[in-house]
Amino acid sequence: MGSCLSVSIPLDQSVNKVSQWLDEKGGYTHNLVKNLVALETTMEELKARRDDLSRRLTIEEDRGLQRLSVIQVWLDRVETIEKEIIGILGTRNVELQRLCLCGFCSKSLLSSYRYGKTVFLKLREVEKLKSEVFDVIVDQVLIPEVEERPLQPTIVGQETMLDKAWKHLMEDGVGVMGVYGMGGVGKTTLLTQLNNKFSEVRCGFDFVIWTVVSKELQIEKILDDIAQKVDLGGEMCNQKSTSQKVVHLFNFLKKKKFVLFLDDIWEKVELAEIGIPIPTPQNRCKVVFSTRSQDVCARMGVEKPMEVQCLADNDAFDLFEKKVGQTTLVSDPEIPELAREVAKKCCGLPLALNVIGETMSCKRTIQEWRHAIHVLNSYAAEFSGMEDKILPLLKYSYDSLKGEHVKSCLLYCALYPEDAEILKDELIEHLICENIIDGSEGVEKAEYKGYDIIGSLVCASLLMEWENDHGRGVVRMHDVVREMALWIASELGTQKEAFIVRAGVGLREIPKVKNWNIVRRMSLMENKIVHLVGSPECMELTTFLMGRGEYGSFSSILEDISSEFFNYMPKLVVLDLSGNNSLSELPEGISNLVSLRYLNLRLTRLRCLPKKVLQELKKLIHLDLGYTALESIDGISSLHNLKVMKVEFSVFPWDLDTMKELETLKHLEILTTSFNISPTLEQFLSSLRLVSRTRFLQISDDLVSSANRHLESTGISLLGSMDKLREFRIERCRIPEIKIGRICSFLSLVKVYIMGCKSLRELTFLMLAPNLRTLRIRHSDDIEDIINKEKACEVEESGNVPFQKLNVLHLENLPKLKNIYWSPLPFPCLEKIYVETCPNLKKLPLDSKSGKQGENGCIISYKSRGWIEGVEWEDEATKIRFLS
């Protein structure tokens with residue numbers, strides 16, 4: 001009998017399991033709407049938690065801490081599920097439309113079941129992520145230490161600059177910071193101090209990177225250097241090409257916060273080409289560079305670069321003392337004073353102070369110190385350390401200049417005395433006549449080129465520029481730069497006599513020269529030479545300067561020149577004898593200067609210019625006779641190539657014959673002149689040829705005669721275009737009116753000076769001077785209006801707003817003046833209004849928006865408090881604007 005196995009399962013248990021299964025599976029569909037709402041709500045809460053956590057992480061990471069790996073895993077999961085849920089919710093409407101019978105059934109059971117299950121499971125996953133709690137989110141990280149760079153043991157006078165540079169670098173809006181200055185001034189020292197400061201205060205940066213760029217930009221070297229600093233050296237070696245290295249470094253650094261120091265750049269560095277992400281307020285990275293060129297700063301996008309300047313006198317001597325050492329300084333009581341004199345020759349340049357200070361540290365007799373001063377004064381290149389440590393470093397700046405004409409301009413500046421204020425326009429005149437600047441397309445275009453060259457030298461930190469007290473642009477050379485230029489001009493010291501510069505050193509006679517035939521340029525400016533004697537054979541000489549700057553403090557005392565002095569100078573192009581106010585005549589031998597193109601006799605007592613001289617100077621293009629005592633310039637018409645003639649403030653009487661001679665000069669481009677009120681003035685002003693070439697015009701009336709009566713009753717007439725006129729002066733005249741013709745204009749006029757004029761009532765002609773910068777009116781009893789309303793309506797250009805470029809308005813002792821203009825003017829460039837003794841000037845043409853704005857905005861300066869209290873302001877806002 002066989003056996004069997006019997007299994008009995010209770011029916012109610014089976015039914016319950018089936019029922020549970022059906023409830024669970026059916027619930028995916030039945031609860032779909034509720035689960036979708038819960039999923040969306042819970043996901044929003046999870047995202048909010050994720051955002052809060054990310055903000056906390058940013059704060060902690062800025063402190064130099066590093067996020068835990070588990071946090072990053074959680075953030076990655078949130079990001080992944082967020083994308084999945086966006087997809088799920090995107091098909092929500094389609095799935096909901098399939099439901100029927102209040103969600104108990106579906107038109108597509110299988111699809112609804114699957115979708116519902118997905119929603120349910122994702123909801124559980126989101127809830128789980130949301131429920132995770134993190135007590136710790138970051139950990140202390142070992143950030144690579146900042147590589148401290150060695151500093152000089154003695155640093156003086158940079159504390160303030162370091163503090164200023166650090167504060168500027170740490171500003172949120174500063175991404176790229178530029179530091180510029182001349183060679184040897186301490187730019188690298190400042191950058192080094194900034195770099196080392198990061199070893200004390202990390203400020204949340206992952207990397208602080210230093211690399212030296214130098215003159216030749218080598219991208220491969222810079223890439224490898226940066227890669228080593230950020231521990232990518234091994235990985236970068238595996239890259240096959242430079243472009244692959246760039247991409248690899250860029251993708252690494254774009255996730256980091258870094259500071260990059262680029263020391264000594266000579267041209268724009270394209271950051272993208274060396275794998276550096278552009279610093280932005282978002283990534284908060286920094287790039288700091290040093291350069292000798294302001295132009296490089298501009299090209300790198302730095303609007304306000306920081307200039308590293310030479311040390312002030314006290315700091316300079318402090319550094320020099322430390323280099324010399326107390327043992328040497330106290331070895332003789334006279335040495336400290338001599339040390340000050342030696343230190344002064346360095347003009348605050350740290351490189352020179354260090355090198356010369358070290359050289360003098362073992363010199364313990366006053367004889368050695370006096371010898372050092374003698375060498376530094378006579379030919380500094382021979383001083384120990386100059387030719388091998390100082391001058392070659394500065395020569396890098398010279399070598400980097402683009403164009404021989406720019407280099408020649410720098411060398412030419414060395415002809416002027418130490419610390420001389422070199423007038424830009426005078427320098428440019430020399431350069432044009434020397435053919436360093438091409439003048440074939442006209443003097444004005446050549447002048448523009450000259451200003452561009454000077455600007456290049458200023459940008460290269462080889463010249464310093466400003467405006468002097470007379471409003472004229474000047475430049476100055478640092479003494480050590482000047483020594484470098486003289487060294488280069490003498491073929492690095494091998495031909496010292498080719499470039500003889502003994503300017504401003506107190507010579508009483510012309511220096512002794514072994515071989516005059518190799519002399520190319522000679523400057524004896526500002527000396528005490530009374531007589532020029534002899535007949536030196538200077539067959540190669542092109543430049544001879546024996547004058548002084550127009551506003552120099554030194555007055556040269558040359559009285560006479562021997563007749564044969566200029567006999568053997570066939571190549572002389574530039575001769576400057578200006579400022580020798582005892583020189584009353586020229587030797588006839590000057591007619592031997594057949595190559596002469598520039599002759600400056602300004603501020604001499606010259607009484608005549610012999611016709612024989614004028615007839616022989618066939619190539620002369622520039623003649624300056626300003627401020628001379630000439631009685632006549634008869635024969636001037638023989639200077640057929642003359643382009644520039646200056647005779648302002650000279651006392652010779654103009655006559656009609658002279659006028660006719662001037663009009664025959666076919667190549668004349670620029671004329672500066674002075675006139676007394678006379679019929680000749682009428683003749684001049686009616687000559688469209690001459691007035692159209694006039695750059696400076698002064699009209700005065702020192703000698704009243706019956707010949708002047710006509711102009712005293714009718715005034716003067718400006719009929720033609722005077723678009724080259726830059727400065728116009730009317731002094732001590734009795735003229736009732738300045739009339740203007742239909743074609744009259746003054747596009748270049750920047751300065752107008754009216755002084756001591758009787759009868760003159762208005763200056764409406766200024767409506768035609770859109771570029772006027774300075775207007776000074778003094779001691780003119782009858783002026784009532786600056787711009788007269790009725791006459792302005794007669795001027796063709798009266799629709800133009802006047803004084804758009806005006807900087808300074810000076811009104812002094814004008815008892816009848818009532819109006820400047822009849823309504824408020826913008827005066828966008830106006831910086832100063834000066835008013836003195838103008839009792840009837842009750843209203844100024846100003847409103848609250850007039851004048852230059854900002855910190856150095858327009859101010860009103862006055863002598864009488866009663867006058868300012870009586871001014872009738874346009875409104876209260878205007879009053880507050882100008883009285884505050």
# chains A, B, ... in the order shown; residues from 1 in each chain; ligands from 1

$ residues_around --residues "A:Lys128" --least-positions-apart "2" --cutoff "12 Å" --atoms "only C-alpha atoms" --output "JSON, numbers by chain"
{"A": [42, 43, 46, 74, 77, 78, 81, 121, 122, 123, 124, 125, 126, 130, 131, 132, 133]}

$ write_last_selection --atoms "N, CA and C atoms" --output "CSV table (one decimal), in the first residue's frame"
chain,number,residue,atom,x,y,z
A,42,THR,N,8.0,67.0,-1.0
A,42,THR,CA,9.2,66.5,-0.3
A,42,THR,C,10.5,66.8,-1.1
A,43,MET,N,10.4,66.8,-2.5
A,43,MET,CA,11.6,67.2,-3.3
A,43,MET,C,12.0,68.6,-3.1
A,46,LEU,N,13.8,68.8,0.1
A,46,LEU,CA,15.1,68.3,0.0
A,46,LEU,C,16.1,69.3,-0.7
A,74,TRP,N,26.3,62.5,-0.9
A,74,TRP,CA,24.9,62.9,-0.7
A,74,TRP,C,24.4,64.0,-1.7
A,77,ARG,N,23.9,62.4,-5.1
A,77,ARG,CA,22.6,61.7,-5.1
A,77,ARG,C,21.4,62.6,-5.2
A,78,VAL,N,21.5,63.7,-4.5
A,78,VAL,CA,20.4,64.7,-4.6
A,78,VAL,C,20.3,65.2,-6.0
A,81,ILE,N,18.8,62.4,-8.3
A,81,ILE,CA,17.3,62.1,-8.1
A,81,ILE,C,16.5,63.3,-8.5
A,121,LEU,N,8.3,54.6,-5.1
A,121,LEU,CA,9.6,54.3,-4.7
A,121,LEU,C,10.5,55.5,-4.6
A,122,LYS,N,10.3,56.4,-5.6
A,122,LYS,CA,11.1,57.7,-5.6
A,122,LYS,C,10.7,58.5,-4.3
A,123,LEU,N,9.5,58.5,-4.0
A,123,LEU,CA,9.1,59.2,-2.8
A,123,LEU,C,9.8,58.7,-1.6
A,124,ARG,N,9.8,57.3,-1.5
A,124,ARG,CA,10.6,56.7,-0.3
A,124,ARG,C,12.1,57.2,-0.3
A,125,GLU,N,12.7,57.2,-1.5
A,125,GLU,CA,14.1,57.5,-1.7
A,125,GLU,C,14.3,59.0,-1.3
A,126,VAL,N,13.4,59.9,-1.7
A,126,VAL,CA,13.6,61.3,-1.4
A,126,VAL,C,13.4,61.5,0.1
A,130,LYS,N,16.2,63.0,2.7
A,130,LYS,CA,15.9,64.2,3.5
A,130,LYS,C,16.1,63.9,5.0
A,131,SER,N,16.0,62.7,5.4
A,131,SER,CA,16.0,62.3,6.8
A,131,SER,C,17.5,62.2,7.3
A,132,GLU,N,18.4,62.1,6.3
A,132,GLU,CA,19.8,61.9,6.8
A,132,GLU,C,20.3,63.2,7.5
A,133,VAL,N,21.0,63.0,8.6
A,133,VAL,CA,21.5,64.1,9.4
A,133,VAL,C,23.0,64.1,9.4

$ select_by_dssp --residues "stretch 246-289 of chain A" --states "alpha helix (DSSP H)" --output "VMD selection string"
chain A and resid 246 to 253

$ atom_distance --atom1 "atom CA of A:Lys389" --atom2 "atom CA of A:Asn195"
25.5 Å

$ closest_atom_pairs --of "stretch 166-258 of chain A" --to "stretch 338-348 of chain A" --cutoff "12 Å" --atoms "only C-alpha atoms" --output "Markdown table"
| residue | atom | partner | partner_atom | distance |
| --- | --- | --- | --- | --- |
| A:Met182 | CA | A:Gly348 | CA | 11.7 |
| A:Gly184 | CA | A:Gly348 | CA | 10.3 |
| A:Val185 | CA | A:Gly348 | CA | 8.3 |
| A:Gly186 | CA | A:Gly348 | CA | 10.8 |

$ residues_around --residues "A:Glu836" --least-positions-apart "2" --cutoff "12 Å" --atoms "only C-alpha atoms" --output "ChimeraX atom specification"
/A:776-779,809-815,817,833-834,838-841,860-868

$ residues_around --residues "stretch 875-881 of chain A" --least-positions-apart "3" --cutoff "6 Å" --atoms "only C-alpha atoms" --output "list in words"
Asp847, Ser848 and Ser884 of chain A

$ residues_around --residues "stretch 496-505 of chain A" --least-positions-apart "6" --cutoff "7 Å" --atoms "only C-alpha atoms" --output "ChimeraX atom specification"
/A:415-417,489-490,518-527

$ closest_residue --among "A:Pro350, A:Gly87, A:Pro770, A:Pro845" --to "A:Leu825" --atoms "only C-alpha atoms"
A:Pro845

$ residues_around --residues "stretch 354-364 of chain A" --least-positions-apart "2" --cutoff "9 Å" --atoms "only C-alpha atoms" --output "PyMOL selection string"
chain A and resi 319-332+335+339+342-343+346+349-352+366-369+372+383-386+389-390

$ write_last_selection --atoms "N, CA and C atoms" --output "CSV table (one decimal), in the first residue's frame"
chain,number,residue,atom,x,y,z
A,319,LEU,N,68.0,103.9,4.1
A,319,LEU,CA,68.5,102.7,3.4
A,319,LEU,C,70.0,102.8,3.1
A,320,PHE,N,70.4,103.9,2.6
A,320,PHE,CA,71.9,104.0,2.3
A,320,PHE,C,72.7,103.9,3.6
A,321,GLU,N,72.3,104.5,4.7
A,321,GLU,CA,73.0,104.3,5.9
A,321,GLU,C,73.2,102.9,6.3
A,322,LYS,N,72.1,102.1,6.2
A,322,LYS,CA,72.1,100.7,6.6
A,322,LYS,C,73.0,99.9,5.8
A,323,LYS,N,73.1,100.3,4.5
A,323,LYS,CA,74.0,99.6,3.6
A,323,LYS,C,75.5,99.9,3.8
A,324,VAL,N,75.7,101.2,4.1
A,324,VAL,CA,77.1,101.6,4.4
A,324,VAL,C,77.6,101.1,5.7
A,325,GLY,N,76.7,101.2,6.7
A,325,GLY,CA,77.1,100.6,8.0
A,325,GLY,C,77.7,101.7,9.0
A,326,GLN,N,77.4,101.6,10.2
A,326,GLN,CA,77.8,102.6,11.2
A,326,GLN,C,79.3,102.7,11.4
A,327,THR,N,80.0,101.6,11.2
A,327,THR,CA,81.4,101.6,11.4
A,327,THR,C,82.1,102.6,10.4
A,328,THR,N,81.6,102.5,9.2
A,328,THR,CA,82.2,103.4,8.2
A,328,THR,C,81.7,104.9,8.4
A,329,LEU,N,80.4,105.0,8.7
A,329,LEU,CA,79.9,106.4,8.9
A,329,LEU,C,80.5,107.2,10.0
A,330,VAL,N,81.0,106.5,11.1
A,330,VAL,CA,81.6,107.2,12.2
A,330,VAL,C,83.1,107.2,12.1
A,331,SER,N,83.7,106.7,11.0
A,331,SER,CA,85.1,106.7,10.9
A,331,SER,C,85.7,108.0,10.7
A,332,ASP,N,84.9,109.0,10.3
A,332,ASP,CA,85.4,110.4,10.1
A,332,ASP,C,84.2,111.3,10.3
A,335,ILE,N,82.2,112.3,7.0
A,335,ILE,CA,81.6,111.3,6.1
A,335,ILE,C,80.1,111.3,6.1
A,339,ALA,N,78.1,111.4,2.8
A,339,ALA,CA,77.2,110.2,2.5
A,339,ALA,C,75.9,110.7,2.0
A,342,VAL,N,76.3,111.6,-1.6
A,342,VAL,CA,76.4,110.4,-2.5
A,342,VAL,C,75.0,109.8,-2.6
A,343,ALA,N,74.3,109.7,-1.5
A,343,ALA,CA,72.9,109.1,-1.5
A,343,ALA,C,72.0,109.9,-2.4
A,346,CYS,N,71.6,109.0,-6.0
A,346,CYS,CA,70.8,107.8,-6.3
A,346,CYS,C,69.3,108.2,-6.5
A,349,LEU,N,66.4,105.7,-5.8
A,349,LEU,CA,66.2,104.4,-6.4
A,349,LEU,C,66.8,103.3,-5.6
A,350,PRO,N,66.0,102.4,-5.0
A,350,PRO,CA,66.6,101.4,-4.1
A,350,PRO,C,67.7,100.6,-4.7
A,351,LEU,N,67.7,100.2,-6.0
A,351,LEU,CA,68.8,99.4,-6.6
A,351,LEU,C,70.1,100.2,-6.5
A,352,ALA,N,70.1,101.5,-6.8
A,352,ALA,CA,71.3,102.3,-6.8
A,352,ALA,C,71.7,102.5,-5.3
A,366,ILE,N,87.8,110.4,4.0
A,366,ILE,CA,87.0,111.4,3.3
A,366,ILE,C,87.5,111.6,1.8
A,367,GLN,N,88.8,111.3,1.6
A,367,GLN,CA,89.3,111.3,0.2
A,367,GLN,C,88.6,110.3,-0.7
A,368,GLU,N,88.3,109.1,-0.2
A,368,GLU,CA,87.6,108.1,-1.0
A,368,GLU,C,86.2,108.6,-1.3
A,369,TRP,N,85.6,109.2,-0.3
A,369,TRP,CA,84.2,109.7,-0.5
A,369,TRP,C,84.1,110.8,-1.5
A,372,ALA,N,84.5,109.5,-4.9
A,372,ALA,CA,83.2,108.9,-5.3
A,372,ALA,C,82.2,109.9,-5.9
A,383,PHE,N,81.6,104.3,-12.0
A,383,PHE,CA,81.6,104.0,-10.5
A,383,PHE,C,81.4,102.5,-10.4
A,384,SER,N,82.0,101.9,-9.4
A,384,SER,CA,82.0,100.5,-9.2
A,384,SER,C,80.6,100.0,-9.0
A,385,GLY,N,80.2,99.0,-9.8
A,385,GLY,CA,78.9,98.4,-9.7
A,385,GLY,C,77.9,99.0,-10.7
A,386,MET,N,78.2,100.1,-11.3
A,386,MET,CA,77.2,100.8,-12.2
A,386,MET,C,77.1,100.0,-13.5
A,389,LYS,N,75.9,96.1,-12.5
A,389,LYS,CA,74.7,95.8,-11.7
A,389,LYS,C,73.5,96.7,-11.9
A,390,ILE,N,73.8,98.0,-12.2
A,390,ILE,CA,72.7,99.0,-12.3
A,390,ILE,C,72.3,99.3,-13.7

$ residues_around --residues "A:Gly720" --least-positions-apart "4" --cutoff "8 Å" --atoms "only C-alpha atoms" --output "PDB file with C-alpha atoms, in the first residue's frame"
ATOM      1  CA  LEU A 685      45.003 140.671 -39.426  1.00  0.00           C
ATOM      2  CA  SER A 686      43.794 141.099 -43.002  1.00  0.00           C
ATOM      3  CA  LEU A 688      44.547 135.356 -44.352  1.00  0.00           C
ATOM      4  CA  VAL A 691      46.705 134.686 -39.470  1.00  0.00           C
ATOM      5  CA  SER A 692      45.890 131.122 -40.532  1.00  0.00           C
ATOM      6  CA  GLY A 741      34.252 137.842 -39.731  1.00  0.00           C
ATOM      7  CA  ARG A 742      31.921 135.254 -41.211  1.00  0.00           C
ATOM      8  CA  ILE A 743      34.685 132.675 -41.704  1.00  0.00           C
ATOM      9  CA  CYS A 744      36.413 133.347 -38.408  1.00  0.00           C
ATOM     10  CA  SER A 745      36.991 130.424 -36.009  1.00  0.00           C
TER      11      SER A 745
END

$ atom_distance --atom1 "atom CA of A:Thr280" --atom2 "atom CA of A:Gly234"
28.7 Å

$ closest_residue --among "A:Leu603, A:Leu697, A:Leu681, A:Leu253" --to "A:Gly275" --atoms "only C-alpha atoms"
A:Leu253

$ atom_distance --atom1 "atom CA of A:Tyr180" --atom2 "atom CA of A:Val296"
9.0 Å

$ closest_residue --among "A:Gly589, A:Pro153, A:Gly173, A:Gly506" --to "A:Cys285" --atoms "only C-alpha atoms"
A:Gly173

$ closest_residue --among "A:Phe803, A:Trp654, A:Phe565, A:Tyr451" --to "A:Asp425" --atoms "only C-alpha atoms"
A:Tyr451

$ select_by_dssp --residues "stretch 162-333 of chain A" --states "strand (DSSP E or B)" --output "tab-separated table (two decimals) with N, CA and C atoms, in the first residue's frame"
chain	number	residue	atom	x	y	z
A	176	VAL	N	42.28	91.51	-11.14
A	176	VAL	CA	43.63	91.65	-11.69
A	176	VAL	C	44.23	92.95	-11.16
A	177	MET	N	45.39	92.86	-10.55
A	177	MET	CA	46.06	94.04	-9.96
A	177	MET	C	47.43	94.19	-10.60
A	178	GLY	N	47.74	95.44	-11.06
A	178	GLY	CA	49.01	95.71	-11.69
A	178	GLY	C	49.87	96.64	-10.86
A	179	VAL	N	51.16	96.35	-10.78
A	179	VAL	CA	52.13	97.17	-10.07
A	179	VAL	C	53.20	97.57	-11.09
A	180	TYR	N	53.43	98.89	-11.26
A	180	TYR	CA	54.41	99.32	-12.25
A	180	TYR	C	55.40	100.32	-11.66
A	207	PHE	N	45.51	77.87	-3.57
A	207	PHE	CA	46.89	77.95	-4.04
A	207	PHE	C	47.34	79.41	-4.14
A	208	VAL	N	48.59	79.65	-3.74
A	208	VAL	CA	49.25	80.93	-3.98
A	208	VAL	C	50.47	80.61	-4.84
A	209	ILE	N	50.44	81.09	-6.09
A	209	ILE	CA	51.40	80.65	-7.10
A	209	ILE	C	52.28	81.83	-7.52
A	210	TRP	N	53.57	81.59	-7.62
A	210	TRP	CA	54.52	82.63	-8.05
A	210	TRP	C	55.25	82.14	-9.30
A	211	THR	N	55.32	82.99	-10.32
A	211	THR	CA	56.13	82.64	-11.49
A	211	THR	C	56.74	83.90	-12.07
A	212	VAL	N	57.96	83.79	-12.53
A	212	VAL	CA	58.66	84.92	-13.15
A	212	VAL	C	58.49	84.81	-14.66
A	213	VAL	N	58.02	85.89	-15.27
A	213	VAL	CA	57.75	85.87	-16.71
A	213	VAL	C	58.97	86.35	-17.49
A	214	SER	N	59.52	87.52	-17.12
A	214	SER	CA	60.68	88.12	-17.77
A	214	SER	C	60.38	88.57	-19.19
A	258	PHE	N	42.50	80.71	-6.25
A	258	PHE	CA	43.95	80.87	-6.29
A	258	PHE	C	44.35	82.33	-6.38
A	259	VAL	N	45.61	82.59	-6.01
A	259	VAL	CA	46.28	83.87	-6.28
A	259	VAL	C	47.50	83.56	-7.13
A	260	LEU	N	47.62	84.26	-8.27
A	260	LEU	CA	48.75	84.05	-9.16
A	260	LEU	C	49.58	85.33	-9.24
A	261	PHE	N	50.87	85.24	-8.90
A	261	PHE	CA	51.79	86.35	-9.04
A	261	PHE	C	52.61	86.16	-10.32
A	262	LEU	N	52.55	87.15	-11.20
A	262	LEU	CA	53.35	87.15	-12.43
A	262	LEU	C	54.37	88.28	-12.30
A	263	ASP	N	55.61	87.94	-12.04
A	263	ASP	CA	56.63	88.97	-11.82
A	263	ASP	C	57.33	89.32	-13.12
A	264	ASP	N	57.45	90.65	-13.37
A	264	ASP	CA	58.27	91.16	-14.46
A	264	ASP	C	57.72	90.80	-15.84
A	265	ILE	N	56.52	91.30	-16.15
A	265	ILE	CA	55.99	91.08	-17.49
A	265	ILE	C	56.26	92.31	-18.35
A	286	LYS	N	42.57	85.79	-7.88
A	286	LYS	CA	43.36	87.01	-8.02
A	286	LYS	C	44.58	86.75	-8.91
A	287	VAL	N	44.89	87.75	-9.75
A	287	VAL	CA	46.15	87.74	-10.51
A	287	VAL	C	46.85	89.07	-10.23
A	288	VAL	N	48.11	89.01	-9.81
A	288	VAL	CA	48.90	90.20	-9.50
A	288	VAL	C	50.16	90.16	-10.35
A	289	PHE	N	50.46	91.27	-11.02
A	289	PHE	CA	51.66	91.28	-11.87
A	289	PHE	C	52.46	92.55	-11.65
A	290	SER	N	53.75	92.49	-11.98
A	290	SER	CA	54.60	93.67	-11.95
A	290	SER	C	55.13	93.91	-13.36
A	291	THR	N	55.32	95.19	-13.69
A	291	THR	CA	55.79	95.56	-15.02
A	291	THR	C	56.44	96.93	-14.94
A	306	MET	N	48.99	100.40	-9.60
A	306	MET	CA	49.70	101.00	-8.46
A	306	MET	C	51.15	101.25	-8.85
A	307	GLU	N	51.57	102.52	-8.74
A	307	GLU	CA	52.94	102.87	-9.09
A	307	GLU	C	53.85	102.71	-7.86
